Every structure is written in structure tokens, then in C-alpha cells.
>>> print(open('data_6.pdb').read())   # PDB, C-alpha atoms and all ligand atoms
ATOM      1  CA  MET A   1     -11.986   2.508   3.069  1.00  0.00           C
ATOM      2  CA  SER A   2     -14.450   5.332   3.708  1.00  0.00           C
ATOM      3  CA  LEU A   3     -11.654   7.900   3.345  1.00  0.00           C
ATOM      4  CA  MET A   4     -10.711   6.304   0.044  1.00  0.00           C
ATOM      5  CA  ARG A   5     -14.310   6.414  -1.183  1.00  0.00           C
ATOM      6  CA  GLU A   6     -14.578  10.074  -0.167  1.00  0.00           C
ATOM      7  CA  ALA A   7     -11.483  10.691  -2.293  1.00  0.00           C
ATOM      8  CA  GLY A   8     -13.351   9.265  -5.281  1.00  0.00           C
ATOM      9  CA  LEU A   9     -11.554   5.929  -5.390  1.00  0.00           C
ATOM     10  CA  GLU A  10     -13.059   2.612  -6.362  1.00  0.00           C
ATOM     11  CA  VAL A  11     -12.263   0.477  -3.314  1.00  0.00           C
ATOM     12  CA  ARG A  12     -11.828  -3.270  -3.045  1.00  0.00           C
ATOM     13  CA  ILE A  13     -10.076  -5.825  -0.855  1.00  0.00           C
ATOM     14  CA  ASP A  14      -7.858  -8.224  -2.762  1.00  0.00           C
ATOM     15  CA  ALA A  15      -7.508 -11.938  -2.035  1.00  0.00           C
ATOM     16  CA  ALA A  16      -4.653 -11.299   0.401  1.00  0.00           C
ATOM     17  CA  GLY A  17      -6.668  -8.742   2.381  1.00  0.00           C
ATOM     18  CA  ASN A  18      -4.908  -5.661   0.989  1.00  0.00           C
ATOM     19  CA  ILE A  19      -7.201  -2.632   0.711  1.00  0.00           C
ATOM     20  CA  ILE A  20      -6.863  -1.047  -2.716  1.00  0.00           C
ATOM     21  CA  GLY A  21      -8.390   2.212  -3.911  1.00  0.00           C
ATOM     22  CA  ARG A  22      -8.176   2.659  -7.669  1.00  0.00           C
ATOM     23  CA  ARG A  23      -8.320   5.762  -9.815  1.00  0.00           C
ATOM     24  CA  ALA A  24      -8.500   5.305 -13.555  1.00  0.00           C
ATOM     25  CA  GLY A  25      -5.935   6.811 -15.881  1.00  0.00           C
ATOM     26  CA  THR A  26      -6.610   8.259 -19.299  1.00  0.00           C
ATOM     27  CA  ASP A  27      -4.647   5.412 -20.889  1.00  0.00           C
ATOM     28  CA  PRO A  28      -5.953   2.176 -19.365  1.00  0.00           C
ATOM     29  CA  GLY A  29      -3.272   0.218 -21.199  1.00  0.00           C
ATOM     30  CA  LEU A  30      -0.523   1.678 -19.049  1.00  0.00           C
ATOM     31  CA  PRO A  31       0.756  -0.104 -15.939  1.00  0.00           C
ATOM     32  CA  VAL A  32      -0.408   1.034 -12.510  1.00  0.00           C
ATOM     33  CA  ILE A  33       1.393   3.539 -10.308  1.00  0.00           C
ATOM     34  CA  MET A  34       0.941   2.390  -6.707  1.00  0.00           C
ATOM     35  CA  THR A  35       1.435   4.220  -3.439  1.00  0.00           C
ATOM     36  CA  GLY A  36       0.510   3.517   0.169  1.00  0.00           C
ATOM     37  CA  SER A  37       1.800   1.724   3.232  1.00  0.00           C
ATOM     38  CA  HIS A  38       0.432  -0.250   6.180  1.00  0.00           C
ATOM     39  CA  ILE A  39      -1.766   0.436   9.223  1.00  0.00           C
ATOM     40  CA  ASP A  40      -0.572  -2.371  11.469  1.00  0.00           C
ATOM     41  CA  SER A  41       2.442  -1.498  13.596  1.00  0.00           C
ATOM     42  CA  VAL A  42       4.882  -2.764  16.201  1.00  0.00           C
ATOM     43  CA  PRO A  43       5.460  -1.913  19.884  1.00  0.00           C
ATOM     44  CA  GLN A  44       7.156   1.530  19.984  1.00  0.00           C
ATOM     45  CA  GLY A  45       6.362   1.961  16.294  1.00  0.00           C
ATOM     46  CA  GLY A  46       4.979   5.401  17.073  1.00  0.00           C
ATOM     47  CA  ASN A  47       2.008   7.248  15.675  1.00  0.00           C
ATOM     48  CA  PHE A  48       3.366   7.570  12.171  1.00  0.00           C
ATOM     49  CA  ASP A  49       4.682   4.111  11.301  1.00  0.00           C
ATOM     50  CA  GLY A  50       2.793   3.174   8.164  1.00  0.00           C
ATOM     51  CA  ASP A  51      -0.100   5.505   8.851  1.00  0.00           C
ATOM     52  CA  VAL A  52       1.678   8.507   7.369  1.00  0.00           C
ATOM     53  CA  GLY A  53       2.178   6.605   4.121  1.00  0.00           C
ATOM     54  CA  VAL A  54      -1.473   5.577   3.972  1.00  0.00           C
ATOM     55  CA  ILE A  55      -2.904   8.980   4.881  1.00  0.00           C
ATOM     56  CA  GLY A  56      -0.348  10.643   2.597  1.00  0.00           C
ATOM     57  CA  ALA A  57      -1.471   8.447  -0.282  1.00  0.00           C
ATOM     58  CA  ILE A  58      -5.144   9.227   0.313  1.00  0.00           C
ATOM     59  CA  GLU A  59      -4.248  12.922   0.487  1.00  0.00           C
ATOM     60  CA  VAL A  60      -2.675  12.593  -2.968  1.00  0.00           C
ATOM     61  CA  ALA A  61      -5.901  11.008  -4.242  1.00  0.00           C
ATOM     62  CA  GLU A  62      -7.934  13.856  -2.756  1.00  0.00           C
ATOM     63  CA  LEU A  63      -5.694  16.509  -4.275  1.00  0.00           C
ATOM     64  CA  LEU A  64      -5.869  14.897  -7.711  1.00  0.00           C
ATOM     65  CA  ARG A  65      -9.641  14.887  -7.449  1.00  0.00           C
ATOM     66  CA  GLU A  66      -9.991  18.391  -6.016  1.00  0.00           C
ATOM     67  CA  HIS A  67      -7.891  19.845  -8.810  1.00  0.00           C
ATOM     68  CA  GLY A  68      -9.442  17.717 -11.526  1.00  0.00           C
ATOM     69  CA  ILE A  69      -6.069  16.311 -12.522  1.00  0.00           C
ATOM     70  CA  ALA A  70      -6.135  13.380 -14.934  1.00  0.00           C
ATOM     71  CA  THR A  71      -3.149  11.046 -15.014  1.00  0.00           C
ATOM     72  CA  ARG A  72      -2.207   8.852 -17.934  1.00  0.00           C
ATOM     73  CA  HIS A  73      -1.453   5.869 -15.704  1.00  0.00           C
ATOM     74  CA  PRO A  74      -4.073   4.278 -13.450  1.00  0.00           C
ATOM     75  CA  PHE A  75      -3.281   4.949  -9.773  1.00  0.00           C
ATOM     76  CA  GLU A  76      -3.762   2.506  -6.921  1.00  0.00           C
ATOM     77  CA  PHE A  77      -3.637   3.592  -3.292  1.00  0.00           C
ATOM     78  CA  VAL A  78      -2.941   0.614  -1.080  1.00  0.00           C
ATOM     79  CA  VAL A  79      -3.098  -0.435   2.566  1.00  0.00           C
ATOM     80  CA  PHE A  80      -0.928  -3.534   2.783  1.00  0.00           C
ATOM     81  CA  THR A  81      -2.256  -6.119   5.202  1.00  0.00           C
ATOM     82  CA  ASP A  82       0.047  -7.757   7.751  1.00  0.00           C
ATOM     83  CA  GLU A  83       3.041  -5.684   6.777  1.00  0.00           C
ATOM     84  CA  GLU A  84       4.712  -6.057  10.165  1.00  0.00           C
ATOM     85  CA  GLY A  85       4.082  -9.789  10.184  1.00  0.00           C
ATOM     86  CA  GLY A  86       5.687  -9.631   6.800  1.00  0.00           C
ATOM     87  CA  VAL A  87       4.088 -12.793   5.492  1.00  0.00           C
ATOM     88  CA  VAL A  88       0.975 -11.873   3.534  1.00  0.00           C
ATOM     89  CA  GLY A  89       0.076  -8.500   2.026  1.00  0.00           C
ATOM     90  CA  SER A  90       3.011  -7.281  -0.004  1.00  0.00           C
ATOM     91  CA  GLN A  91       4.367 -10.831  -0.232  1.00  0.00           C
ATOM     92  CA  ALA A  92       1.189 -11.953  -1.985  1.00  0.00           C
ATOM     93  CA  MET A  93       1.497  -9.091  -4.452  1.00  0.00           C
ATOM     94  CA  ALA A  94       5.029 -10.233  -5.142  1.00  0.00           C
ATOM     95  CA  GLY A  95       3.839 -13.833  -5.474  1.00  0.00           C
ATOM     96  CA  ARG A  96       6.076 -14.910  -2.612  1.00  0.00           C
ATOM     97  CA  VAL A  97       3.827 -16.268   0.151  1.00  0.00           C
ATOM     98  CA  GLY A  98       5.818 -19.166   1.518  1.00  0.00           C
ATOM     99  CA  PRO A  99       4.586 -22.756   1.818  1.00  0.00           C
ATOM    100  CA  GLY A 100       2.955 -23.381   5.179  1.00  0.00           C
ATOM    101  CA  THR A 101       2.466 -19.665   5.817  1.00  0.00           C
ATOM    102  CA  LEU A 102      -1.324 -19.897   5.832  1.00  0.00           C
ATOM    103  CA  ASP A 103      -1.254 -22.470   8.631  1.00  0.00           C
ATOM    104  CA  VAL A 104       0.887 -20.384  10.977  1.00  0.00           C
ATOM    105  CA  VAL A 105      -0.993 -19.335  14.131  1.00  0.00           C
ATOM    106  CA  SER A 106      -0.402 -15.680  14.959  1.00  0.00           C
ATOM    107  CA  HIS A 107      -0.524 -14.196  18.459  1.00  0.00           C
ATOM    108  CA  SER A 108      -4.170 -13.284  17.767  1.00  0.00           C
ATOM    109  CA  GLY A 109      -4.889 -17.004  18.021  1.00  0.00           C
ATOM    110  CA  LEU A 110      -6.005 -17.159  14.394  1.00  0.00           C
ATOM    111  CA  THR A 111      -4.129 -18.851  11.622  1.00  0.00           C
ATOM    112  CA  VAL A 112      -2.908 -16.548   8.873  1.00  0.00           C
ATOM    113  CA  ARG A 113      -5.555 -18.203   6.666  1.00  0.00           C
ATOM    114  CA  ASP A 114      -8.355 -17.216   9.058  1.00  0.00           C
ATOM    115  CA  GLY A 115      -6.856 -13.764   9.524  1.00  0.00           C
ATOM    116  CA  ILE A 116      -7.017 -13.129   5.783  1.00  0.00           C
ATOM    117  CA  ARG A 117     -10.696 -14.139   5.817  1.00  0.00           C
ATOM    118  CA  THR A 118     -11.358 -11.904   8.824  1.00  0.00           C
ATOM    119  CA  VAL A 119     -10.169  -8.822   6.942  1.00  0.00           C
ATOM    120  CA  GLY A 120     -12.143  -9.687   3.824  1.00  0.00           C
ATOM    121  CA  GLY A 121      -9.622 -11.606   1.737  1.00  0.00           C
ATOM    122  CA  ASP A 122      -9.853 -15.075   0.279  1.00  0.00           C
ATOM    123  CA  PRO A 123      -6.881 -17.315   1.088  1.00  0.00           C
ATOM    124  CA  ALA A 124      -8.017 -19.930  -1.442  1.00  0.00           C
ATOM    125  CA  ARG A 125      -7.509 -17.372  -4.233  1.00  0.00           C
ATOM    126  CA  LEU A 126      -4.268 -15.846  -2.991  1.00  0.00           C
ATOM    127  CA  ALA A 127      -2.654 -16.134  -6.415  1.00  0.00           C
ATOM    128  CA  GLU A 128      -5.095 -13.506  -7.712  1.00  0.00           C
ATOM    129  CA  ALA A 129      -3.372 -10.895  -5.540  1.00  0.00           C
ATOM    130  CA  HIS A 130      -0.113 -11.434  -7.413  1.00  0.00           C
ATOM    131  CA  ARG A 131       1.030  -8.535  -9.588  1.00  0.00           C
ATOM    132  CA  ALA A 132       2.948  -9.875 -12.506  1.00  0.00           C
ATOM    133  CA  PRO A 133       6.182  -8.150 -13.482  1.00  0.00           C
ATOM    134  CA  GLY A 134       5.421  -5.221 -15.764  1.00  0.00           C
ATOM    135  CA  THR A 135       1.924  -4.539 -14.399  1.00  0.00           C
ATOM    136  CA  LEU A 136       3.208  -1.912 -11.959  1.00  0.00           C
ATOM    137  CA  ALA A 137       5.022   1.105 -13.366  1.00  0.00           C
ATOM    138  CA  ALA A 138       6.190   2.273  -9.934  1.00  0.00           C
ATOM    139  CA  VAL A 139       5.542   1.728  -6.242  1.00  0.00           C
ATOM    140  CA  VAL A 140       6.180   4.650  -3.895  1.00  0.00           C
ATOM    141  CA  GLU A 141       5.984   4.375  -0.099  1.00  0.00           C
ATOM    142  CA  LEU A 142       6.257   7.422   2.130  1.00  0.00           C
ATOM    143  CA  HIS A 143       7.692   6.113   5.406  1.00  0.00           C
ATOM    144  CA  ILE A 144       9.217   7.503   8.598  1.00  0.00           C
ATOM    145  CA  GLU A 145      12.760   6.723   9.573  1.00  0.00           C
ATOM    146  CA  GLN A 146      12.657   3.974  12.207  1.00  0.00           C
ATOM    147  CA  GLY A 147      16.274   3.706  13.287  1.00  0.00           C
ATOM    148  CA  ALA A 148      16.604   7.269  14.636  1.00  0.00           C
ATOM    149  CA  VAL A 149      20.148   7.396  13.193  1.00  0.00           C
ATOM    150  CA  LEU A 150      19.469  10.259  10.794  1.00  0.00           C
ATOM    151  CA  ASP A 151      17.388  12.038  13.416  1.00  0.00           C
ATOM    152  CA  GLU A 152      20.143  11.897  16.019  1.00  0.00           C
ATOM    153  CA  THR A 153      22.772  13.175  13.601  1.00  0.00           C
ATOM    154  CA  GLY A 154      20.481  15.967  12.397  1.00  0.00           C
ATOM    155  CA  THR A 155      20.691  14.741   8.803  1.00  0.00           C
ATOM    156  CA  ASP A 156      17.791  15.624   6.525  1.00  0.00           C
ATOM    157  CA  ILE A 157      16.979  13.366   3.620  1.00  0.00           C
ATOM    158  CA  GLY A 158      14.144  13.392   1.156  1.00  0.00           C
ATOM    159  CA  VAL A 159      13.273  17.007   1.829  1.00  0.00           C
ATOM    160  CA  VAL A 160      11.643  18.054  -1.418  1.00  0.00           C
ATOM    161  CA  GLU A 161      12.316  21.689  -2.294  1.00  0.00           C
ATOM    162  CA  GLY A 162      11.449  21.486  -5.968  1.00  0.00           C
ATOM    163  CA  ILE A 163      10.627  19.082  -8.701  1.00  0.00           C
ATOM    164  CA  VAL A 164      11.402  18.999 -12.410  1.00  0.00           C
ATOM    165  CA  GLY A 165       8.489  18.667 -14.783  1.00  0.00           C
ATOM    166  CA  ILE A 166       9.553  18.101 -18.371  1.00  0.00           C
ATOM    167  CA  ARG A 167       6.992  18.300 -21.141  1.00  0.00           C
ATOM    168  CA  TRP A 168       8.009  17.288 -24.659  1.00  0.00           C
TER
HETATM  169 ZN    ZN A 201       6.282   0.673   8.755  1.00  0.00          ZN
END
>>> encode(input="data_6.pdb", output="C-alpha cells", more="lines below")
Ligand SMILES: [Zn+2]
Amino acid sequence: MSLMREAGLEVRIDAAGNIIGRRAGTDPGLPVIMTGSHIDSVPQGGNFDGDVGVIGAIEVAELLREHGIATRHPFEFVVFTDEEGGVVGSQAMAGRVGPGTLDVVSHSGLTVRDGIRTVGGDPARLAEAHRAPGTLAAVVELHIEQGAVLDETGTDIGVVEGIVGIRW
């Protein structure tokens, strides 16, 4: 959250416990462009699982600020909570937290409900974390390959060498 604030973002924690840094666009009527990832991980997840997507997103925010670049769309830089548990953060945004989920006891010993409170969310208002269809223009997640298949075959994907910018 401090890195997000240093990048000039307005930071909040939504009802599901997702950390969201917002940067206004010049046209507030446009839907949000969202990028980010998660900072929880799994055994053998490595140093970059999730983290690279979060730090990469904050780097984008810093670059936009450093260069004084205004975007038409509002931007939101997000750290999804409990991504590896897969039951809360992004699921709440999608409006898909299953019945009984909040009562599940995780290996921390806390219920999911208490876990959400611990990270600053509000499980009683989970519906407020839902992003209705049409309110997000795009969601982009930078993520490492986890299966090692492409790595072992020496196949490069997603290596950006150029980008088209069309201005009408
Ligand atoms: Zn991941």
C-alpha cells in the first residue's frame, strides 16, 4: 500500500480484502482498466508468482506519474486477496463467492470470514466488491509461467518487441 501511495495512487481495501490503488482518468465516465495480481503464493511457487504482476503494475503507475501521462480511462492497480485459496478476492469481484465459503476454516485456523476482517475487508458487505459487467474495460495480469513446459522447450511467448499506437 505504501508503494502504491508513493506512485500517487488513491489506495483502499475493498470489502473482500483486495488492495486497490486508483488513478483517475480524464473521462470519469469510462470503465476502469485494471491490472495487478496476488502476493500470496503456494509451496514452490517461486519468488515471482504473483509478485511480478503486482510490482509490474505499480511500476506502470509510477511511470505514468513520472512522465505526466494522462489516460482517458481510470486505472486500478490491484492486489487480489486469497488468490491461491481461490475463494475470495477475484471471486468477490466476479460476484461468485460460493455459499458457505465464509465459514470455511483455512489452515491459518481462521475462518475465511475472519481472514477477510484481518486484512481490512468487511465480509458483511462482500457484495460491494462485485464489479458489474461493463464496469471494467479490461483486466491485464502479468504472470510467470508455472508449468515449466514452455521453459523446457525453449519457447518464448509474450515477448513484446513493438506495439502499434493508432491515433485517429
Ligand atoms: Zn500466481
>>> residues_near_ligand(input="data_6.pdb", ligand="ligand ZN 201 (chain A)", cutoff="12 Å", atoms="only C-alpha atoms and all ligand atoms", output="PyMOL selection string")
chain A and resi 36-54+79-86+141-147
>>> write_last_selection(input="data_6.pdb", atoms="C-alpha atoms", output="mmCIF file, in the coordinates of the input")
data_model
loop_
_atom_site.group_PDB
_atom_site.id
_atom_site.type_symbol
_atom_site.label_atom_id
_atom_site.label_comp_id
_atom_site.auth_asym_id
_atom_site.auth_seq_id
_atom_site.Cartn_x
_atom_site.Cartn_y
_atom_site.Cartn_z
ATOM 1 C CA GLY A 36 0.510 3.517 0.169
ATOM 2 C CA SER A 37 1.800 1.724 3.232
ATOM 3 C CA HIS A 38 0.432 -0.250 6.180
ATOM 4 C CA ILE A 39 -1.766 0.436 9.223
ATOM 5 C CA ASP A 40 -0.572 -2.371 11.469
ATOM 6 C CA SER A 41 2.442 -1.498 13.596
ATOM 7 C CA VAL A 42 4.882 -2.764 16.201
ATOM 8 C CA PRO A 43 5.460 -1.913 19.884
ATOM 9 C CA GLN A 44 7.156 1.530 19.984
ATOM 10 C CA GLY A 45 6.362 1.961 16.294
ATOM 11 C CA GLY A 46 4.979 5.401 17.073
ATOM 12 C CA ASN A 47 2.008 7.248 15.675
ATOM 13 C CA PHE A 48 3.366 7.570 12.171
ATOM 14 C CA ASP A 49 4.682 4.111 11.301
ATOM 15 C CA GLY A 50 2.793 3.174 8.164
ATOM 16 C CA ASP A 51 -0.100 5.505 8.851
ATOM 17 C CA VAL A 52 1.678 8.507 7.369
ATOM 18 C CA GLY A 53 2.178 6.605 4.121
ATOM 19 C CA VAL A 54 -1.473 5.577 3.972
ATOM 20 C CA VAL A 79 -3.098 -0.435 2.566
ATOM 21 C CA PHE A 80 -0.928 -3.534 2.783
ATOM 22 C CA THR A 81 -2.256 -6.119 5.202
ATOM 23 C CA ASP A 82 0.047 -7.757 7.751
ATOM 24 C CA GLU A 83 3.041 -5.684 6.777
ATOM 25 C CA GLU A 84 4.712 -6.057 10.165
ATOM 26 C CA GLY A 85 4.082 -9.789 10.184
ATOM 27 C CA GLY A 86 5.687 -9.631 6.800
ATOM 28 C CA GLU A 141 5.984 4.375 -0.099
ATOM 29 C CA LEU A 142 6.257 7.422 2.130
ATOM 30 C CA HIS A 143 7.692 6.113 5.406
ATOM 31 C CA ILE A 144 9.217 7.503 8.598
ATOM 32 C CA GLU A 145 12.760 6.723 9.573
ATOM 33 C CA GLN A 146 12.657 3.974 12.207
ATOM 34 C CA GLY A 147 16.274 3.706 13.287
#
>>> atom_distance(input="data_6.pdb", atom1="CA of Asp103 in chain A", atom2="CA of Ile13 in chain A")
21.1 Å
>>> resolve_selection(input="data_6.pdb", expression="the PyMOL selection byres (((chain A and resi 135-140) around 6) and not hetatm)", output="list in words")
Pro31, Val32, Ile33, Met34, Thr35, Ala132, Pro133, Gly134 and Glu141 of chain A
>>> write_last_selection(input="data_6.pdb", atoms="C-alpha atoms", output="PDB file, in the coordinates of the input")
ATOM      1  CA  PRO A  31       0.756  -0.104 -15.939  1.00  0.00           C
ATOM      2  CA  VAL A  32      -0.408   1.034 -12.510  1.00  0.00           C
ATOM      3  CA  ILE A  33       1.393   3.539 -10.308  1.00  0.00           C
ATOM      4  CA  MET A  34       0.941   2.390  -6.707  1.00  0.00           C
ATOM      5  CA  THR A  35       1.435   4.220  -3.439  1.00  0.00           C
ATOM      6  CA  ALA A 132       2.948  -9.875 -12.506  1.00  0.00           C
ATOM      7  CA  PRO A 133       6.182  -8.150 -13.482  1.00  0.00           C
ATOM      8  CA  GLY A 134       5.421  -5.221 -15.764  1.00  0.00           C
ATOM      9  CA  GLU A 141       5.984   4.375  -0.099  1.00  0.00           C
TER      10      GLU A 141
END
>>> closest_residue(input="data_6.pdb", among="A:Ala92, A:Leu30, A:Met4, A:Leu110", to="Val78 in chain A", atoms="all atoms listed in the file")
A:Met4
>>> closest_residue(input="data_6.pdb", among="A:Val88, A:Val105, A:Ala57, A:Leu150", to="His130 in chain A", atoms="all atoms listed in the file")
A:Val88
>>> resolve_selection(input="data_6.pdb", expression="the PyMOL selection byres (((chain A and resi 60-73) around 6) and not hetatm)", output="PyMOL selection string")
chain A and resi 7+25-27+30+32+57-59+74
>>> write_last_selection(input="data_6.pdb", atoms="C-alpha atoms", output="mmCIF file, keeping the file's coordinate frame")
data_model
loop_
_atom_site.group_PDB
_atom_site.id
_atom_site.type_symbol
_atom_site.label_atom_id
_atom_site.label_comp_id
_atom_site.auth_asym_id
_atom_site.auth_seq_id
_atom_site.Cartn_x
_atom_site.Cartn_y
_atom_site.Cartn_z
ATOM 1 C CA ALA A 7 -11.483 10.691 -2.293
ATOM 2 C CA GLY A 25 -5.935 6.811 -15.881
ATOM 3 C CA THR A 26 -6.610 8.259 -19.299
ATOM 4 C CA ASP A 27 -4.647 5.412 -20.889
ATOM 5 C CA LEU A 30 -0.523 1.678 -19.049
ATOM 6 C CA VAL A 32 -0.408 1.034 -12.510
ATOM 7 C CA ALA A 57 -1.471 8.447 -0.282
ATOM 8 C CA ILE A 58 -5.144 9.227 0.313
ATOM 9 C CA GLU A 59 -4.248 12.922 0.487
ATOM 10 C CA PRO A 74 -4.073 4.278 -13.450
#
>>> atom_distance(input="data_6.pdb", atom1="CA of Ile116 in chain A", atom2="CA of Ile19 in chain A")
11.7 Å
>>> resolve_selection(input="data_6.pdb", expression="the PyMOL selection byres (((chain A and resi 97) around 10) and not hetatm)", output="ChimeraX atom specification")
/A:16,86-96,98-102,126-127,130
